[in-house]
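Source file structure.txt; content: compact mmCIF, C-alpha atoms and all ligand atoms.
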```txt
# COMPACT_ATOMS: atom_id res chain seq x y z
CA MET X 1 118.15 23.54 -243.44
CA ARG X 2 118.99 19.85 -243.12
CA TRP X 3 116.23 17.28 -242.78
CA ASP X 4 117.02 14.42 -240.45
CA ARG X 5 115.10 11.59 -238.91
CA SER X 6 114.74 13.21 -235.49
CA GLU X 7 112.82 16.05 -237.13
CA THR X 8 110.54 13.99 -239.38
CA ILE X 9 109.72 10.91 -237.35
CA GLY X 10 107.25 12.71 -235.11
CA LEU X 11 105.34 14.14 -238.07
CA ALA X 12 105.26 11.12 -240.34
CA LYS X 13 102.26 8.87 -240.76
CA VAL X 14 102.79 5.52 -239.09
CA TYR X 15 101.31 3.56 -242.00
CA CYS X 16 102.82 5.65 -244.81
CA THR X 17 103.85 3.33 -247.63
CA SER X 18 106.52 5.72 -248.95
CA CYS X 19 108.56 6.31 -245.81
CA ARG X 20 107.25 3.50 -243.57
CA GLY X 21 106.85 5.85 -240.65
CA THR X 22 110.34 7.36 -240.64
CA GLY X 23 109.43 10.55 -242.50
CA LEU X 24 112.41 10.31 -244.88
CA ARG X 25 112.19 8.99 -248.40
CA PRO X 26 114.41 5.92 -248.89
CA ASN X 27 116.87 5.37 -251.71
CA MET X 28 117.63 9.05 -252.08
CA LYS X 29 121.16 10.44 -252.26
CA LYS X 30 120.16 13.54 -250.38
CA GLN X 31 117.80 13.07 -247.46
CA SER X 32 114.47 14.65 -248.26
CA PRO X 33 111.24 14.59 -246.29
CA CYS X 34 108.31 12.42 -247.23
CA LYS X 35 105.15 14.06 -248.54
CA CYS X 36 103.23 12.98 -245.45
CA VAL X 37 105.61 15.08 -243.30
CA LEU X 38 105.18 18.14 -245.51
CA ARG X 39 101.41 17.81 -245.42
CA ALA X 40 101.50 17.46 -241.62
CA ILE X 41 103.51 20.69 -241.37
CA PHE X 42 101.00 22.48 -243.57
CA ARG X 43 98.04 21.17 -241.56
CA ALA X 44 99.62 22.34 -238.27
CA CYS X 45 100.31 25.83 -239.67
CA TYR X 46 96.85 26.05 -241.21
CA ALA X 47 95.17 25.00 -237.95
CA ARG X 48 97.08 27.73 -236.11
CA PHE X 49 96.10 30.25 -238.79
CA ARG X 50 92.42 29.42 -238.33
CA ARG X 51 92.79 29.67 -234.57
CA CYS X 52 94.41 33.10 -234.83
CA VAL X 53 91.66 34.33 -237.16
CA GLU X 54 88.73 32.91 -235.22
CA LYS X 55 89.79 33.55 -231.65
CA GLU X 56 88.21 36.36 -229.74
CA LYS X 57 90.18 39.55 -229.44
CA PHE X 58 90.51 41.27 -226.09
CA MET X 59 91.23 44.90 -225.44
CA SER X 60 93.56 44.03 -222.54
CA SER X 61 95.81 41.73 -224.56
CA VAL X 62 96.28 43.63 -227.78
CA ALA X 63 100.06 43.24 -227.86
CA THR X 64 102.42 40.63 -226.49
CA LEU X 65 105.71 41.30 -224.77
CA VAL X 66 108.43 39.52 -226.74
CA PHE X 67 112.17 39.34 -226.24
CA CYS X 68 114.47 40.71 -228.89
CA HIS X 69 118.14 41.56 -229.41
CA GLY X 70 117.86 45.32 -229.49
CA ALA X 71 120.74 47.69 -228.94
CA GLU X 72 119.13 49.37 -225.93
CA ASN X 73 116.11 47.27 -224.96
CA LYS X 74 115.83 43.50 -224.89
CA ARG X 75 112.04 43.48 -224.93
CA THR X 76 109.45 44.88 -227.27
CA TYR X 77 105.74 44.63 -227.91
CA GLY X 78 104.40 42.71 -230.90
CA ARG X 79 101.08 41.54 -232.34
CA LEU X 80 102.04 37.92 -232.82
CA ASP X 81 98.64 36.67 -233.97
CA GLU X 82 98.27 39.37 -236.60
CA GLU X 83 101.89 38.93 -237.71
CA TYR X 84 101.35 35.20 -238.11
CA ILE X 85 98.19 35.71 -240.17
CA ALA X 86 100.02 38.15 -242.45
CA ASP X 87 103.06 35.87 -242.79
CA PHE X 88 100.89 32.86 -243.61
CA CYS X 89 99.00 34.69 -246.36
CA GLN X 90 101.97 36.51 -247.88
CA VAL X 91 104.36 33.56 -247.93
CA SER X 92 101.71 31.39 -249.57
CA ARG X 93 100.87 34.01 -252.18
CA ARG X 94 104.52 34.53 -253.14
CA ASN X 95 105.33 30.85 -253.52
CA LEU X 96 102.34 29.58 -255.45
CA GLY X 97 101.49 29.89 -259.10
CA ARG X 98 98.40 31.72 -260.28
CA LEU X 99 96.12 28.68 -260.51
CA ASP X 100 97.42 27.12 -257.29
CA TYR X 101 96.95 30.35 -255.39
CA LYS X 102 93.40 30.59 -256.68
CA ILE X 103 92.68 27.12 -255.28
CA PHE X 104 94.48 27.95 -252.04
CA ARG X 105 92.53 31.16 -251.63
CA ASN X 106 89.14 29.64 -252.35
CA PHE X 107 89.56 26.38 -250.46
CA PHE X 108 91.77 27.33 -247.50
CA LEU X 109 91.46 31.06 -246.94
CA LEU X 110 87.80 31.58 -247.88
CA GLY X 111 86.72 28.10 -246.72
CA ALA X 112 84.69 27.16 -249.79
CA ASP X 113 83.41 23.61 -250.24
CA TRP X 114 85.24 21.41 -252.77
CA ARG X 115 82.05 21.02 -254.83
CA LEU X 116 81.72 24.77 -255.15
CA CYS X 117 85.42 25.10 -256.05
CA CYS X 118 85.14 22.38 -258.72
CA ARG X 119 82.05 24.02 -260.19
CA GLN X 120 83.57 27.50 -260.22
CA MET X 121 86.93 26.36 -261.59
CA ASP X 122 85.44 23.86 -263.99
CA CYS X 123 87.50 20.83 -262.93
CA ASP X 124 86.70 17.39 -261.59
CA ARG X 125 87.23 16.15 -258.08
CA GLY X 126 90.40 14.15 -258.79
CA ASP X 127 92.23 17.04 -260.40
CA PHE X 128 91.12 19.38 -257.65
CA PHE X 129 92.42 17.24 -254.79
CA HIS X 130 95.64 16.47 -256.64
CA ALA X 131 96.18 20.24 -256.76
CA VAL X 132 95.31 20.55 -253.06
CA TYR X 133 97.88 17.90 -252.09
CA ARG X 134 100.49 19.56 -254.28
CA ILE X 135 99.82 22.93 -252.63
CA GLN X 136 100.07 21.39 -249.15
CA GLU X 137 103.42 19.78 -249.95
CA THR X 138 104.86 22.92 -251.52
CA LEU X 139 103.80 25.18 -248.69
CA GLY X 140 104.71 22.70 -245.94
CA ARG X 141 108.29 22.63 -247.17
CA ILE X 142 108.46 26.41 -247.47
CA TYR X 143 107.00 27.01 -243.99
CA ARG X 144 109.76 24.84 -242.52
CA GLU X 145 112.70 25.94 -244.69
CA MET X 146 112.12 29.69 -244.47
CA GLU X 147 115.12 31.57 -243.17
CA PRO X 148 115.98 33.11 -240.78
CA TYR X 149 112.58 32.71 -239.07
CA SER X 150 110.40 29.85 -240.20
CA LEU X 151 106.67 29.51 -239.56
CA PHE X 152 107.15 25.96 -238.32
CA PRO X 153 107.81 24.93 -235.49
CA LEU X 154 105.01 27.12 -234.19
CA ASP X 155 106.28 27.28 -230.61
CA GLU X 156 109.50 28.87 -231.83
CA TYR X 157 107.54 31.38 -233.89
CA PHE X 158 105.37 32.43 -230.96
CA SER X 159 107.85 32.05 -228.10
CA GLY X 160 111.15 33.04 -229.61
CA LYS X 161 113.93 30.94 -230.96
CA VAL X 162 116.70 29.63 -228.73
CA VAL X 163 119.91 29.30 -230.73
CA LYS X 164 122.40 26.94 -229.18
CA THR X 165 125.90 27.57 -230.42
CA ASN X 166 129.34 26.99 -229.03
CA LEU X 167 130.42 29.90 -226.92
CA ALA X 168 133.56 31.68 -228.02
CA ILE X 169 135.92 32.35 -225.13
CA MET X 170 137.12 35.90 -225.50
CA PRO X 171 140.75 36.59 -224.50
CA LYS X 172 141.24 38.79 -221.48
CA PRO X 173 142.53 42.28 -222.26
CA VAL X 174 146.19 42.71 -221.40
CA ARG X 175 146.79 45.53 -218.95
CA ALA X 176 149.56 47.93 -219.75
CA PRO X 177 152.26 47.98 -217.05
CA ALA X 178 152.18 50.95 -214.70
CA VAL X 179 154.60 53.78 -215.39
CA GLN X 180 157.54 53.59 -213.00
CA PRO X 181 160.01 56.46 -213.40
CA PRO X 182 163.55 55.54 -212.53
CA LEU X 183 164.05 57.13 -209.08
CA LYS X 184 166.45 56.33 -206.31
CA LYS X 185 165.02 54.80 -203.14
CA SER X 186 165.80 57.85 -201.02
CA ALA X 187 164.31 60.21 -203.60
CA GLY X 188 161.13 58.16 -203.79
CA ARG X 189 160.64 58.18 -200.03
CA ARG X 190 161.17 61.93 -199.84
CA ALA X 191 158.70 62.57 -202.65
CA THR X 192 155.91 60.47 -201.16
CA GLY X 193 156.53 61.46 -197.54
CA TRP X 194 157.25 57.86 -196.58
CA ALA X 195 159.39 57.61 -193.47
CA GLY X 196 159.44 53.89 -192.90
CA ASP X 197 158.03 52.02 -189.90
CA ARG X 198 159.34 54.62 -187.52
CA GLY X 199 157.07 57.25 -189.10
CA TRP X 200 153.96 55.15 -188.59
CA ARG X 201 154.83 54.52 -184.93
CA ARG X 202 155.29 58.22 -184.39
CA ALA X 203 151.92 59.00 -185.97
CA ILE X 204 150.11 56.40 -183.80
CA GLY X 205 151.82 57.76 -180.67
CA GLN X 206 150.69 61.29 -181.43
CA ALA X 207 147.09 60.07 -181.92
CA ASN X 208 147.16 58.39 -178.50
CA ARG X 209 148.46 61.53 -176.87
CA LEU X 210 145.63 63.75 -178.08
CA PRO X 211 144.18 65.88 -175.23
CA ARG X 212 141.11 64.30 -173.75
CA LEU X 213 137.89 66.23 -173.50
CA PRO X 214 136.89 67.21 -169.93
CA HIS X 215 134.14 65.25 -168.21
CA PRO X 216 130.71 66.98 -168.49
CA ARG X 217 130.60 67.43 -164.69
CA MET X 218 133.87 69.31 -164.82
CA ILE X 219 132.45 71.91 -167.22
CA GLU X 220 131.21 74.86 -165.28
CA SER X 221 127.74 76.04 -166.07
CA PRO X 222 127.49 79.62 -167.41
CA ALA X 223 125.06 80.50 -164.57
ZN ZN W 1 105.59 9.22 -245.46
```
Output the file's structure as structure tokens, nothing else.
Ligand SMILES: [Zn+2]
Amino acid sequence: MRWDRSETIGLAKVYCTSCRGTGLRPNMKKQSPCKCVLRAIFRACYARFRRCVEKEKFMSSVATLVFCHGAENKRTYGRLDEEYIADFCQVSRRNLGRLDYKIFRNFFLLGADWRLCCRQMDCDRGDFFHAVYRIQETLGRIYREMEPYSLFPLDEYFSGKVVKTNLAIMPKPVRAPAVQPPLKKSAGRRATGWAGDRGWRRAIGQANRLPRLPHPRMIESPA
């Protein structure tokens, strides 16, 4: 994954003192995103996670029809909301340390207040929010850089990804030439029954001379 300005500029803070609104950190050999961009990605994914958890479930819309690249069928049914909730939790758990995951679980997943978290974890407010910002930056980067299917952008996760690549022009298959046995012209005509133009004229003449059916009035009734 390559970070560029077109990707970060919409997510960056306008008054960010690190990136000055561009979303990329200056004076870096390799372009890397600013922390404000990573935190914005995390906040967007977390807001969608809360929406998926809190929204009302309906019996009529249990599964969603999604397009896929199957061998036989191009469509399948999926539970996108439940899949997103599971992905969000599992990816976060795998990529955080023990202490960071404890903070993430208490503060983000269980929704505890920061005062309660500080009291339970025996830390002060500054250390706690430093850890929260660090978790947001770590997870924001991972949600975007996951391959082959990233959590962010969310519209691609929920609506399918459109991959634009250059089309390869396949060469046309070369047809093998038809088998032509070496026959003389006269032998070929005799074998196929071809008699030239004169034969066709004779056939058309015979068709014209077919006996006509008698008029219905001319047919005598059996009585
Ligand atoms: Zn910034």
Quick one: which chain X residues come within 10 Å of ligand ZN 1 (chain W), and what is the nearest atom pair for each with the distance in Å to one decimal, counting only C-alpha atoms and all ligand atoms, rows ordered by chain and ascending number, as a Markdown table?
```
| residue | atom | partner | partner_atom | distance |
| --- | --- | --- | --- | --- |
| X:Thr8 | CA | W:ZN1 | ZN | 9.2 |
| X:Ile9 | CA | W:ZN1 | ZN | 9.3 |
| X:Leu11 | CA | W:ZN1 | ZN | 8.9 |
| X:Ala12 | CA | W:ZN1 | ZN | 5.5 |
| X:Lys13 | CA | W:ZN1 | ZN | 5.8 |
| X:Val14 | CA | W:ZN1 | ZN | 7.9 |
| X:Tyr15 | CA | W:ZN1 | ZN | 7.9 |
| X:Cys16 | CA | W:ZN1 | ZN | 4.6 |
| X:Thr17 | CA | W:ZN1 | ZN | 6.5 |
| X:Ser18 | CA | W:ZN1 | ZN | 5.0 |
| X:Cys19 | CA | W:ZN1 | ZN | 4.2 |
| X:Arg20 | CA | W:ZN1 | ZN | 6.2 |
| X:Gly21 | CA | W:ZN1 | ZN | 6.0 |
| X:Thr22 | CA | W:ZN1 | ZN | 7.0 |
| X:Gly23 | CA | W:ZN1 | ZN | 5.0 |
| X:Leu24 | CA | W:ZN1 | ZN | 6.9 |
| X:Arg25 | CA | W:ZN1 | ZN | 7.2 |
| X:Pro33 | CA | W:ZN1 | ZN | 7.8 |
| X:Cys34 | CA | W:ZN1 | ZN | 4.6 |
| X:Lys35 | CA | W:ZN1 | ZN | 5.8 |
| X:Cys36 | CA | W:ZN1 | ZN | 4.4 |
| X:Val37 | CA | W:ZN1 | ZN | 6.2 |
| X:Leu38 | CA | W:ZN1 | ZN | 8.9 |
| X:Arg39 | CA | W:ZN1 | ZN | 9.6 |
| X:Ala40 | CA | W:ZN1 | ZN | 10.0 |
```
Near region 94-115 of chain X, 12 Å: region 23-80 of chain X residue rows, closest pairs, all atoms listed in the file, as a tab-separated table:
```
residue	atom	partner	partner_atom	distance
X:Phe42	CA	X:Phe108	CA	11.1
X:Arg43	CA	X:Phe108	CA	10.6
X:Cys45	CA	X:Phe108	CA	11.7
X:Tyr46	CA	X:Phe108	CA	8.2
X:Ala47	CA	X:Phe108	CA	10.4
X:Phe49	CA	X:Leu109	CA	9.4
X:Arg50	CA	X:Leu109	CA	8.8
X:Val53	CA	X:Leu109	CA	10.3
```
Practice problem: Give the answer as one residue: which of X:Lys30, X:Leu183, X:Leu151, X:Ile135 has the shortest atom-to-atom distance to Ala86 (chain X), using all atoms listed in the file? | Solution: X:Leu151
Exercise. Find the distance between CA of Gly70 (chain X) and CA of Ser159 (chain X) and write it in Å to one decimal.
Key: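 According to the coordinates, CA of Gly70 (chain X) and CA of Ser159 (chain X) are separated by 16.7 Å.
Here the question is which of X:Arg175, X:Asn73, X:Pro26, X:Asp87 gets nearest to Ser150 (chain X) using only C-alpha atoms, and that residue is X:Asp87.
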